[in-house]
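Colleague: mmCIF, C-alpha atoms, file structure_27.cif:
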```cif
data_my_file
#
loop_
_atom_site.label_atom_id
_atom_site.label_comp_id
_atom_site.auth_asym_id
_atom_site.auth_seq_id
_atom_site.Cartn_x
_atom_site.Cartn_y
_atom_site.Cartn_z
CA MET A 843 -103.96 -201.99 48.96
CA ASN A 844 -101.37 -203.98 50.98
CA GLN A 845 -99.90 -205.11 47.68
CA GLU A 846 -99.46 -201.52 46.66
CA GLN A 847 -97.78 -200.79 49.96
CA GLN A 848 -95.33 -203.71 49.50
CA LYS A 849 -94.57 -202.86 45.82
CA PRO A 850 -90.77 -202.22 45.43
CA VAL A 851 -89.45 -198.84 44.36
CA PRO A 852 -88.20 -198.85 40.72
CA GLU A 853 -84.48 -198.84 40.03
CA ASP A 854 -84.57 -195.76 37.84
CA HIS A 855 -85.06 -193.40 40.82
CA THR A 856 -81.47 -193.62 41.94
CA SER A 857 -80.95 -190.10 40.77
CA VAL A 858 -83.25 -188.69 43.53
CA SER A 859 -81.42 -186.98 46.25
CA LYS A 860 -81.22 -188.39 49.74
CA ASP A 861 -83.35 -185.68 51.18
CA GLU A 862 -86.14 -186.31 48.76
CA GLU A 863 -85.86 -190.04 49.40
CA SER A 864 -86.07 -189.60 53.14
CA GLY A 865 -89.06 -187.25 52.66
CA ALA A 866 -90.81 -189.72 50.44
CA ARG A 867 -90.19 -192.45 52.94
CA GLY A 868 -91.60 -190.35 55.73
CA LEU A 869 -94.73 -189.60 53.72
CA ARG A 870 -95.14 -193.26 52.88
CA ARG A 871 -94.72 -194.26 56.48
CA ASP A 872 -97.20 -191.66 57.61
CA LEU A 873 -99.70 -192.75 54.96
CA GLN A 874 -99.22 -196.34 55.99
CA ASP A 875 -99.86 -195.52 59.65
CA ARG A 876 -103.04 -193.64 58.77
CA LEU A 877 -104.44 -196.35 56.53
CA GLN A 878 -103.56 -199.44 58.55
CA PRO A 879 -105.63 -200.25 61.70
CA ALA A 880 -104.00 -200.31 65.10
CA HIS A 881 -102.84 -203.67 66.50
CA ASP A 882 -105.10 -203.42 69.52
CA GLU A 883 -108.22 -202.71 67.41
CA PRO A 884 -109.70 -205.88 65.98
CA VAL A 885 -111.06 -205.73 62.46
CA SER A 886 -114.79 -206.40 62.33
CA ASP A 887 -115.80 -208.75 59.54
CA SER A 888 -119.40 -207.65 59.75
CA ALA A 889 -118.75 -203.99 58.79
CA PRO A 890 -121.18 -202.94 56.08
CA HIS A 891 -118.50 -200.89 54.26
CA PRO A 892 -115.09 -202.52 54.68
CA GLU A 893 -113.61 -200.01 52.23
CA THR A 894 -114.29 -196.93 54.66
CA PRO A 895 -111.02 -195.82 56.24
CA ARG A 896 -110.67 -196.16 60.04
CA GLY A 897 -109.15 -192.71 60.42
CA SER A 898 -112.45 -190.86 59.77
CA SER A 899 -113.60 -191.35 63.39
CA ARG A 900 -110.44 -189.65 64.56
CA TRP A 901 -111.22 -186.65 62.36
CA VAL A 902 -114.75 -186.45 63.79
CA ARG A 903 -113.43 -186.50 67.33
CA ARG A 904 -110.90 -183.82 66.52
CA LEU A 905 -113.59 -181.63 64.94
CA LEU A 906 -115.79 -182.05 68.03
CA LYS A 907 -112.92 -181.06 70.30
CA VAL A 908 -112.16 -178.03 68.15
CA GLY A 909 -115.85 -176.99 68.23
CA ILE A 910 -116.06 -177.36 72.01
CA GLY A 911 -112.87 -175.35 72.42
CA LEU A 912 -114.18 -172.58 70.21
CA ALA A 913 -117.47 -172.48 72.17
CA ILE A 914 -115.59 -172.21 75.47
CA VAL A 915 -113.42 -169.44 74.08
CA ALA A 916 -116.50 -167.64 72.74
CA VAL A 917 -118.37 -167.84 76.06
CA PHE A 918 -115.55 -166.87 78.37
CA GLY A 919 -114.13 -164.34 75.98
CA TRP A 920 -117.43 -162.58 75.26
CA LEU A 921 -118.00 -161.47 78.85
CA PRO A 922 -114.77 -159.42 79.11
CA LEU A 923 -115.35 -158.15 75.58
CA LYS A 924 -118.90 -157.14 76.47
CA ALA A 925 -117.65 -155.32 79.57
CA VAL A 926 -115.14 -153.47 77.41
CA LEU A 927 -117.74 -152.49 74.82
CA GLN A 928 -120.37 -151.34 77.38
CA THR A 929 -120.54 -147.73 78.69
CA SER A 930 -120.10 -148.31 82.40
CA SER A 931 -118.63 -146.81 85.53
CA VAL A 932 -115.25 -147.58 87.02
CA GLU A 933 -116.57 -147.90 90.56
CA ALA A 934 -120.04 -147.68 92.10
CA VAL A 935 -121.48 -147.99 95.58
CA VAL A 936 -124.98 -147.87 97.02
CA ASN A 937 -125.38 -144.65 99.01
CA ALA A 938 -128.06 -142.82 101.01
CA ARG A 939 -128.68 -139.41 102.53
CA ILE A 940 -127.72 -138.61 106.10
CA VAL A 941 -130.29 -136.83 108.31
CA THR A 942 -128.73 -134.97 111.24
CA LEU A 943 -130.98 -134.61 114.31
CA ARG A 944 -130.18 -131.65 116.57
CA SER A 945 -131.31 -130.72 120.05
CA PRO A 946 -134.12 -128.13 120.03
CA ILE A 947 -133.42 -127.01 123.63
CA ASP A 948 -130.71 -126.91 126.25
CA GLY A 949 -130.81 -129.81 128.65
CA THR A 950 -129.66 -133.26 129.65
CA VAL A 951 -129.89 -136.21 127.26
CA SER A 952 -131.51 -139.49 128.20
CA ALA A 953 -132.14 -142.52 125.99
CA LYS A 954 -135.64 -143.70 125.16
CA PRO A 955 -136.36 -147.43 125.48
CA GLN A 956 -136.51 -149.10 122.10
CA GLY A 957 -139.21 -151.65 121.39
CA SER A 958 -137.28 -153.21 118.51
CA ALA A 959 -134.60 -155.80 119.06
CA GLN A 960 -132.46 -154.06 116.45
CA LEU A 961 -131.52 -150.87 118.29
CA SER A 962 -129.96 -149.36 115.15
CA VAL A 963 -133.18 -149.77 113.16
CA VAL A 964 -135.77 -147.01 113.65
CA HIS A 965 -139.15 -146.33 112.11
CA GLU A 966 -140.65 -142.98 111.24
CA GLY A 967 -141.88 -141.27 114.42
CA ASP A 968 -139.90 -143.44 116.84
CA ALA A 969 -138.51 -141.53 119.86
CA ILE A 970 -134.77 -142.11 120.05
CA LEU A 971 -133.56 -139.62 122.68
CA HIS A 972 -135.16 -137.42 125.33
CA VAL A 973 -133.81 -134.01 126.39
CA VAL A 974 -134.89 -132.50 129.73
CA ASN A 975 -134.21 -128.91 130.82
CA ALA A 976 -134.83 -128.66 134.56
CA ARG A 977 -134.15 -124.90 134.51
CA GLY A 978 -136.77 -123.93 131.96
CA ASP A 979 -138.14 -120.35 132.02
CA ARG A 980 -141.70 -120.29 133.39
CA VAL A 981 -142.06 -116.58 134.32
CA ARG A 982 -144.80 -115.85 131.76
CA LEU A 983 -146.69 -119.00 132.73
CA ASP A 984 -146.68 -117.93 136.38
CA ASP A 985 -147.85 -114.39 135.46
CA LEU A 986 -150.75 -115.77 133.45
CA ARG A 987 -151.75 -118.06 136.30
CA ARG A 988 -151.70 -115.12 138.75
CA GLN A 989 -153.96 -113.09 136.46
CA MET A 990 -156.28 -116.05 136.21
CA SER A 991 -156.46 -116.39 139.99
CA ARG A 992 -157.20 -112.67 140.40
CA LEU A 993 -160.04 -112.77 137.87
CA GLU A 994 -161.48 -115.94 139.33
CA ASN A 995 -161.52 -114.26 142.76
CA GLU A 996 -163.15 -111.08 141.43
CA ARG A 997 -165.82 -112.83 139.39
CA PRO A 998 -168.02 -113.95 142.36
CA SER A 999 -168.15 -110.39 143.74
CA LEU A 1000 -169.10 -109.03 140.33
CA ALA A 1001 -171.82 -111.64 140.02
CA ALA A 1002 -173.16 -110.74 143.51
CA LYS A 1003 -173.15 -107.01 142.72
CA LEU A 1004 -174.96 -107.69 139.46
CA ALA A 1005 -177.62 -109.75 141.22
CA ALA A 1006 -178.16 -107.01 143.85
CA ALA A 1007 -178.38 -104.31 141.19
CA GLU A 1008 -180.89 -106.33 139.18
CA THR A 1009 -183.01 -106.88 142.31
CA ALA A 1010 -182.96 -103.14 143.20
CA GLN A 1011 -183.75 -102.26 139.62
CA GLN A 1012 -186.76 -104.56 139.66
CA ASP A 1013 -188.00 -102.97 142.90
CA LEU A 1014 -187.59 -99.48 141.55
CA ALA A 1015 -189.27 -100.47 138.31
CA ARG A 1016 -192.23 -101.76 140.32
CA GLN A 1017 -192.39 -98.50 142.26
CA ALA A 1018 -192.23 -96.45 139.08
CA GLY A 1019 -195.01 -98.56 137.60
CA GLN A 1020 -197.18 -98.07 140.64
CA PHE A 1021 -196.55 -94.32 140.54
CA ARG A 1022 -197.46 -94.21 136.84
CA ASP A 1023 -200.66 -96.15 137.41
CA GLY A 1024 -201.62 -93.88 140.33
CA ARG A 1025 -200.86 -90.77 138.30
CA ILE A 1026 -203.02 -92.03 135.44
CA LEU A 1027 -205.91 -92.67 137.83
CA GLN A 1028 -205.43 -89.22 139.33
CA LEU A 1029 -205.47 -87.53 135.97
CA GLU A 1030 -208.51 -89.48 134.88
CA ALA A 1031 -210.32 -88.34 138.08
CA ARG A 1032 -209.28 -84.76 137.48
CA ILE A 1033 -210.57 -84.93 133.93
CA ALA A 1034 -213.89 -86.20 135.23
CA GLU A 1035 -213.98 -83.37 137.78
CA ILE A 1036 -213.23 -80.77 135.13
CA GLN A 1037 -215.90 -82.21 132.90
CA SER A 1038 -218.39 -81.80 135.79
CA ALA A 1039 -217.22 -78.23 136.31
CA ILE A 1040 -217.70 -77.59 132.60
CA GLU A 1041 -221.23 -78.89 132.77
CA ALA A 1042 -221.96 -76.66 135.82
CA ALA A 1043 -220.44 -73.63 134.05
CA ALA A 1044 -222.52 -74.35 130.99
CA ALA A 1045 -225.68 -74.51 133.11
CA ARG A 1046 -224.85 -71.18 134.78
CA ARG A 1047 -224.09 -69.67 131.38
CA GLU A 1048 -227.45 -70.80 130.05
CA GLU A 1049 -229.16 -69.39 133.14
CA ALA A 1050 -227.37 -66.06 132.71
CA VAL A 1051 -228.30 -65.91 129.04
CA ALA A 1052 -231.99 -66.52 129.89
CA ALA A 1053 -231.92 -63.83 132.63
CA VAL A 1054 -230.41 -61.30 130.20
CA GLU A 1055 -233.07 -62.13 127.63
CA ARG A 1056 -235.89 -61.59 130.21
CA ALA A 1057 -234.33 -58.38 131.45
CA SER A 1058 -234.04 -57.11 127.90
CA SER A 1059 -237.79 -57.61 127.36
CA LEU A 1060 -238.72 -56.02 130.70
CA ILE A 1061 -236.36 -53.05 130.56
CA LYS A 1062 -238.62 -51.35 127.99
CA SER A 1063 -241.56 -51.39 130.35
CA GLY A 1064 -239.42 -49.98 133.12
CA THR A 1065 -239.77 -53.05 135.29
CA VAL A 1066 -236.01 -53.81 135.28
CA SER A 1067 -233.58 -51.05 135.91
CA THR A 1068 -230.51 -50.38 133.90
CA VAL A 1069 -228.26 -51.38 136.82
CA GLU A 1070 -229.90 -54.75 137.04
CA MET A 1071 -229.48 -55.22 133.33
CA ALA A 1072 -225.81 -54.47 133.60
CA ARG A 1073 -225.41 -56.95 136.47
CA LEU A 1074 -227.12 -59.75 134.53
CA THR A 1075 -225.00 -59.06 131.47
CA ARG A 1076 -221.85 -59.25 133.65
CA GLU A 1077 -222.92 -62.58 135.17
CA GLN A 1078 -223.54 -63.93 131.66
CA ALA A 1079 -219.99 -63.01 130.61
CA ILE A 1080 -218.53 -64.56 133.80
CA ALA A 1081 -220.45 -67.78 133.20
CA GLN A 1082 -219.16 -67.98 129.64
CA GLN A 1083 -215.53 -67.41 130.66
CA THR A 1084 -215.86 -69.92 133.52
CA GLU A 1085 -216.98 -72.54 131.02
CA ILE A 1086 -214.12 -71.68 128.66
CA GLY A 1087 -211.58 -71.93 131.55
CA ALA A 1088 -212.92 -75.32 132.58
CA ARG A 1089 -212.57 -76.55 129.03
CA ARG A 1090 -208.95 -75.31 128.94
CA ARG A 1091 -208.20 -77.19 132.16
CA LEU A 1092 -209.77 -80.30 130.61
CA ASP A 1093 -207.48 -80.01 127.60
CA ALA A 1094 -204.43 -79.63 129.88
CA ALA A 1095 -205.44 -82.67 131.92
CA LYS A 1096 -205.83 -84.73 128.78
CA VAL A 1097 -202.37 -83.70 127.56
CA GLU A 1098 -200.87 -84.64 130.93
CA LEU A 1099 -202.68 -88.00 130.85
CA THR A 1100 -201.38 -88.72 127.36
CA ALA A 1101 -197.81 -87.89 128.47
CA VAL A 1102 -198.06 -90.14 131.53
CA ARG A 1103 -199.24 -93.06 129.43
CA SER A 1104 -196.25 -92.54 127.11
CA GLY A 1105 -193.82 -92.48 130.07
CA THR A 1106 -193.34 -88.72 130.41
CA TYR A 1107 -194.59 -86.82 133.42
CA LEU A 1108 -195.70 -83.13 133.24
CA GLY A 1109 -196.18 -81.02 136.33
CA ASP A 1110 -194.98 -78.05 138.28
CA SER A 1111 -193.43 -79.83 141.28
CA TYR A 1112 -191.45 -82.60 139.55
CA ASN A 1113 -189.30 -83.33 136.49
CA ASP A 1114 -190.31 -85.17 133.40
CA ARG A 1115 -189.84 -88.38 135.42
CA PRO A 1116 -190.39 -89.14 139.09
CA SER A 1117 -187.52 -89.97 141.45
CA SER A 1118 -188.43 -93.68 141.51
CA ALA A 1119 -188.19 -93.85 137.72
CA GLN A 1120 -184.92 -91.97 137.76
CA ARG A 1121 -183.46 -94.28 140.40
CA GLU A 1122 -184.72 -97.28 138.43
CA GLU A 1123 -182.95 -95.97 135.34
CA GLU A 1124 -179.73 -95.43 137.30
CA MET A 1125 -179.93 -98.93 138.76
CA ARG A 1126 -180.59 -100.37 135.30
CA GLN A 1127 -177.47 -98.61 134.03
CA ARG A 1128 -175.43 -99.91 136.94
CA ALA A 1129 -176.68 -103.43 136.33
CA SER A 1130 -175.76 -103.09 132.66
CA ASP A 1131 -172.26 -101.94 133.62
CA LEU A 1132 -171.85 -104.81 136.04
CA ARG A 1133 -173.09 -107.23 133.39
CA ALA A 1134 -170.51 -105.87 130.96
CA ASP A 1135 -167.78 -106.16 133.59
CA LEU A 1136 -168.80 -109.75 134.28
CA ALA A 1137 -168.80 -110.57 130.55
CA HIS A 1138 -165.37 -108.95 130.23
CA ALA A 1139 -164.11 -111.00 133.16
CA ASP A 1140 -165.47 -114.19 131.58
CA ALA A 1141 -163.85 -113.32 128.25
CA GLU A 1142 -160.59 -112.55 130.06
CA ILE A 1143 -160.78 -115.88 131.88
CA ASP A 1144 -161.37 -117.71 128.59
CA TRP A 1145 -158.44 -115.92 126.98
CA LEU A 1146 -156.21 -116.64 129.94
CA THR A 1147 -157.25 -120.29 129.88
CA HIS A 1148 -156.20 -120.53 126.23
CA GLU A 1149 -152.99 -118.60 126.85
CA ILE A 1150 -152.11 -120.76 129.84
CA ALA A 1151 -152.64 -123.91 127.77
CA VAL A 1152 -150.46 -122.53 124.97
CA GLU A 1153 -147.80 -121.30 127.37
CA GLN A 1154 -147.92 -124.61 129.21
CA LEU A 1155 -147.26 -126.36 125.90
CA HIS A 1156 -144.44 -123.93 125.14
CA TYR A 1157 -142.98 -124.47 128.57
CA VAL A 1158 -143.14 -128.24 128.14
CA ASN A 1159 -141.49 -127.87 124.73
CA ARG A 1160 -138.78 -125.72 126.30
CA ALA A 1161 -138.40 -127.97 129.32
CA GLU A 1162 -138.34 -131.35 127.57
CA ALA A 1163 -138.24 -132.65 124.04
CA ASP A 1164 -138.37 -136.04 122.34
CA ILE A 1165 -135.91 -136.54 119.51
CA LYS A 1166 -137.98 -138.50 116.97
CA ALA A 1167 -136.93 -140.07 113.71
CA PRO A 1168 -138.33 -138.02 110.79
CA VAL A 1169 -137.79 -140.94 108.39
CA ALA A 1170 -137.38 -144.69 108.64
CA GLY A 1171 -133.81 -145.89 108.52
CA ARG A 1172 -130.82 -146.77 110.67
CA ILE A 1173 -128.80 -144.91 113.26
CA TRP A 1174 -125.62 -144.07 111.40
CA GLU A 1175 -123.73 -142.21 114.13
CA MET A 1176 -124.61 -141.44 117.77
CA MET A 1177 -122.93 -138.15 118.66
CA THR A 1178 -123.94 -137.98 122.34
CA SER A 1179 -124.57 -140.26 125.30
CA PRO A 1180 -127.18 -140.38 128.10
CA GLY A 1181 -126.49 -137.91 130.90
CA GLU A 1182 -124.62 -135.44 128.71
CA ASP A 1183 -125.57 -131.75 128.79
CA VAL A 1184 -126.28 -130.38 125.33
CA ARG A 1185 -127.06 -126.98 123.85
CA ALA A 1186 -129.85 -126.00 121.51
CA GLY A 1187 -128.83 -126.77 117.93
CA GLN A 1188 -126.14 -129.25 118.93
CA PRO A 1189 -126.04 -132.39 116.70
CA LEU A 1190 -127.16 -135.47 118.62
CA LEU A 1191 -127.17 -138.26 116.04
CA LYS A 1192 -127.08 -138.98 112.34
CA LEU A 1193 -129.80 -141.09 110.75
CA LEU A 1194 -129.37 -143.01 107.52
CA ASP A 1195 -132.36 -142.40 105.24
CA CYS A 1196 -132.60 -145.79 103.53
CA SER A 1197 -135.86 -144.83 101.80
CA GLY A 1198 -133.94 -142.55 99.42
CA ALA A 1199 -131.06 -144.82 98.44
CA VAL A 1200 -129.02 -143.83 95.38
CA VAL A 1201 -125.93 -145.13 93.64
CA THR A 1202 -122.84 -142.94 93.39
CA ALA A 1203 -120.32 -143.88 90.73
CA ASN A 1204 -117.20 -142.45 89.17
CA VAL A 1205 -116.56 -142.62 85.44
CA THR A 1206 -113.90 -141.64 82.97
CA GLU A 1207 -113.95 -138.25 81.32
CA GLY A 1208 -115.04 -139.69 77.99
CA VAL A 1209 -117.98 -141.54 79.51
CA TYR A 1210 -118.98 -138.52 81.60
CA ASN A 1211 -119.17 -136.24 78.58
CA ARG A 1212 -121.59 -138.64 76.85
CA LEU A 1213 -124.02 -138.90 79.77
CA ARG A 1214 -127.24 -136.87 80.14
CA LEU A 1215 -129.67 -136.35 82.99
CA GLY A 1216 -132.60 -138.75 82.82
CA GLU A 1217 -130.75 -141.47 80.91
CA GLN A 1218 -131.45 -145.03 81.93
CA ALA A 1219 -128.83 -146.98 83.86
CA SER A 1220 -128.56 -150.26 85.71
CA PHE A 1221 -126.55 -151.21 88.78
CA GLU A 1222 -124.88 -154.62 88.70
CA PRO A 1223 -123.83 -155.66 92.24
CA ASN A 1224 -120.56 -157.46 92.66
CA ASP A 1225 -122.25 -160.26 94.61
CA GLY A 1226 -123.83 -161.55 91.40
CA SER A 1227 -127.42 -160.63 92.24
CA ALA A 1228 -129.83 -159.28 89.64
CA ALA A 1229 -129.23 -155.86 88.13
CA ILE A 1230 -131.27 -152.91 89.44
CA HIS A 1231 -132.57 -150.31 86.99
CA GLY A 1232 -132.74 -146.57 87.51
CA GLU A 1233 -131.92 -143.22 85.88
CA ILE A 1234 -129.27 -140.53 86.17
CA VAL A 1235 -130.37 -137.73 88.50
CA ASN A 1236 -127.16 -135.79 89.05
CA LEU A 1237 -123.95 -135.16 87.15
CA THR A 1238 -121.42 -133.42 89.38
CA GLY A 1239 -118.28 -134.08 87.38
CA ALA A 1240 -115.04 -133.36 89.19
CA SER A 1241 -116.77 -131.20 91.83
CA GLY A 1242 -117.95 -134.23 93.78
CA ALA A 1243 -121.39 -135.23 94.99
CA PRO A 1244 -123.26 -133.57 97.92
CA ALA A 1245 -121.56 -134.05 101.26
CA ASN A 1246 -124.61 -135.28 103.17
CA LEU A 1247 -124.24 -138.83 101.88
CA ALA A 1248 -123.37 -141.76 104.10
CA ILE A 1249 -120.35 -142.69 101.96
CA ASN A 1250 -118.33 -139.71 100.82
CA PRO A 1251 -118.00 -139.78 97.02
CA ASP A 1252 -114.29 -138.96 97.47
CA ALA A 1253 -113.85 -142.58 98.58
CA LEU A 1254 -114.25 -143.52 94.90
CA ASN A 1255 -110.86 -142.23 93.79
CA LYS A 1256 -110.05 -144.20 90.63
CA GLU A 1257 -111.64 -141.57 88.41
CA PRO A 1258 -112.50 -137.93 89.33
CA TYR A 1259 -115.87 -137.64 87.49
CA ARG A 1260 -118.90 -138.53 89.59
CA VAL A 1261 -122.47 -139.49 88.69
CA THR A 1262 -125.52 -140.05 90.91
CA VAL A 1263 -128.14 -142.59 89.81
CA SER A 1264 -131.58 -142.95 91.38
CA MET A 1265 -132.59 -146.55 92.05
CA PRO A 1266 -136.20 -146.78 93.29
CA ALA A 1267 -135.85 -150.54 93.71
CA LEU A 1268 -133.18 -149.94 96.37
CA ASP A 1269 -135.58 -148.05 98.66
CA SER A 1270 -135.76 -150.04 101.87
CA THR A 1271 -135.64 -149.60 105.61
CA GLY A 1272 -133.97 -151.21 108.56
CA LYS A 1273 -131.59 -154.10 108.20
CA GLU A 1274 -132.44 -154.50 104.51
CA CYS A 1275 -130.72 -151.21 103.70
CA ALA A 1276 -128.15 -151.92 100.95
CA VAL A 1277 -125.88 -148.95 101.64
CA GLY A 1278 -122.26 -149.87 101.03
CA ARG A 1279 -122.91 -152.59 98.43
CA THR A 1280 -120.41 -152.24 95.58
CA GLY A 1281 -120.73 -152.96 91.90
CA ARG A 1282 -120.75 -151.08 88.63
CA VAL A 1283 -123.26 -148.94 86.76
CA VAL A 1284 -124.01 -149.66 83.11
CA PHE A 1285 -125.41 -146.69 81.20
CA ASN A 1286 -128.04 -147.40 78.56
CA GLY A 1287 -128.03 -144.21 76.54
CA ASP A 1288 -129.73 -145.74 73.50
CA ALA A 1289 -132.58 -147.11 75.57
CA ALA A 1290 -133.14 -143.74 77.17
CA LYS A 1291 -133.32 -142.00 73.79
CA SER A 1292 -135.80 -144.50 72.42
#
```
Translate the structure described by the file into structure tokens.
Modeller:
Amino acid sequence: MNQEQQKPVPEDHTSVSKDEESGARGLRRDLQDRLQPAHDEPVSDSAPHPETPRGSSRWVRRLLKVGIGLAIVAVFGWLPLKAVLQTSSVEAVVNARIVTLRSPIDGTVSAKPQGSAQLSVVHEGDAILHVVNARGDRVRLDDLRRQMSRLENERPSLAAKLAAAETAQQDLARQAGQFRDGRILQLEARIAEIQSAIEAAAARREEAVAAVERASSLIKSGTVSTVEMARLTREQAIAQQTEIGARRRLDAAKVELTAVRSGTYLGDSYNDRPSSAQREEEMRQRASDLRADLAHADAEIDWLTHEIAVEQLHYVNRAEADIKAPVAGRIWEMMTSPGEDVRAGQPLLKLLDCSGAVVTANVTEGVYNRLRLGEQASFEPNDGSAAIHGEIVNLTGASGAPANLAINPDALNKEPYRVTVSMPALDSTGKECAVGRTGRVVFNGDAAKS
């Protein structure tokens, strides 16, 4: 090969132009440089293939460099290209709702001691402020207490009157019972007397009948006169009527006895009931009235006790109130200070509800018109942390998002169309609240449809 390189150029090429000659020389020189080894590279005698050109290693190295360069260009060029091809927002920020706590009463504000070292971090139910109204209205409470005192003072007298009436009623009932028992005994004795009179009248009647029969047998013989016969006949009639009258009195006595045993008294000199029974009935009625009055007083006392407790609670609620956190979160803005007089309904502080964190983003008009509620989306924070997945919950367009957010959506002013994305993974409380973290939202419309 060296012999071919040192071979002289033939004489018959004198007609070639100088430019072609210089070009041919340059090519020959370049070919000679490529084929000959460098002076600082010793030639190895032990090479298995001495005929392999030394320039092949240079080509391999160049190909490797080109491949590495292409890989670097592909890696670092794909990320911007991917960002351009993705449907994403222009700006995005983690946001949360603002809960405004207002004073329920008029009064003076005082701060409640916080058990947590982080004073801005509150838990659900924690008392943040305390409002005291030293001039609370307690007129109704005082009226109820006066009524209670009056009834409590009247109740012992009612109880004493009831006890006295019950005692008198028992005495009168005993007297009426004794009178009834005595009247029954009296009537039973009278009935026995009348029965004796009936027996005597019956004996006289039988005697008169026998005398009339004897006189009737003797009047024919002239032994008994007609006058005597008339007298005996008259005595017989009197004896019969006397017996009949006694039997009538017996019937009347039995009727009176039956009435007495049933509680009704019959007689000429008294009513259907004796005076002791009437007084006992009156005293029983009075005791019943007093018992009803006492029961009414007890019911009134029970009602007043309940009303006083309720009014006491109302008075306490009107006189003092604890401002408690309805949700867990952070104090976003304190709008008052201890010792300040406030009015009912006046805002006291704003609480950041970190448990309902969302992401507000603004997008271009073209992207906004392709979005739908419920589509999947992911938030990629600018700090390089892992993406957080969620879904679109509100599309407000150019009208802006609701104003009760911690960060006003108008702060995102690069594009006028606004989107709200729910991110359940962002729900947190306290110092872990990610409100204010920036990034971008990537919308995955195809994933949502599938």
Colleague: Might you pull out every residue within 6 Å of Arg1172 in chain A, with only C-alpha atoms counted and same-chain residues fewer than 6 positions away left off, and present them as a JSON list (two decimals) with C-alpha atoms, in the frame of the given file?
Modeller:
```json
[["chain", "number", "residue", "atom", "x", "y", "z"],
["A", 962, "SER", "CA", -129.96, -149.36, 115.15],
["A", 963, "VAL", "CA", -133.18, -149.77, 113.16],
["A", 964, "VAL", "CA", -135.77, -147.01, 113.65],
["A", 1193, "LEU", "CA", -129.80, -141.09, 110.75],
["A", 1194, "LEU", "CA", -129.37, -143.01, 107.52],
["A", 1272, "GLY", "CA", -133.97, -151.21, 108.56]]
```
Colleague: Considering all atoms listed in the file, can you say which of A:Asp1013, A:Asp968, A:Glu994, A:Asp1093 comes closest to Val1169 in chain A?
Modeller: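 Once distances to Val1169 in chain A are computed over all atoms listed in the file, the minimum belongs to A:Asp968.
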Colleague: If we draw a sphere of 9 Å around (-127.8, -143.2, 94.5), which residues have at least one atom in it when counting all atoms listed in the file? Please report them as JSON, numbers by chain.
Modeller: {"A": [935, 936, 937, 938, 939, 1198, 1199, 1200, 1201, 1202, 1203, 1234, 1235, 1261, 1262, 1263, 1264, 1265, 1268]}
Colleague: If you apply the PyMOL selection byres ((chain A and resi 1249) around 8) to this file, what residues do you get, as a ChimeraX atom specification?
Modeller: /A:937-938,1247-1248,1250-1251,1253,1278
Colleague: Restricting the calculation to all atoms listed in the file, which member of A:Gly1208, A:Gly909, A:Gly949, A:Gly1019 is positioned closest to Arg1160 in chain A?
Modeller: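 Among A:Gly1208, A:Gly909, A:Gly949, A:Gly1019, it is A:Gly949 that comes nearest to Arg1160 in chain A.
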Colleague: Considering all atoms listed in the file, return as a PyMOL selection string whatever protein or nucleic-acid residues lie within 10 Å of Arg1025 in chain A, sequence-local ones (same chain, fewer than 5 positions apart) excluded.
Modeller: chain A and resi 1019-1020+1030-1031+1098-1099+1102-1103+1107
Colleague: What does the structure give for the distance between CA of Ala1229 in chain A and CA of Arg1279 in chain A, in Å to one decimal?
Modeller: 12.5 Å
Colleague: Measuring atom to atom with all atoms listed in the file, identify which of A:Ile1033, A:Ala1151, A:Ala1134, A:Leu1014 is nearest to Val1097 in chain A.
Modeller: A:Ile1033
Colleague: What separation in Å, quoted to one decimal, exists between CA of Ser1058 in chain A and CA of Glu1041 in chain A?
Modeller: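 Between these atoms lies a distance of 25.7 Å.
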Colleague: Evaluated on this file, the PyMOL selection byres ((chain A and resi 1189) around 9) picks out some residues - which ones are they, written as a list of chain:residue names?
Modeller: A:Thr942, A:Leu943, A:Arg944, A:Ser945, A:Met1177, A:Thr1178, A:Val1184, A:Ala1186, A:Gly1187, A:Gln1188, A:Leu1190, A:Leu1191, A:Lys1192
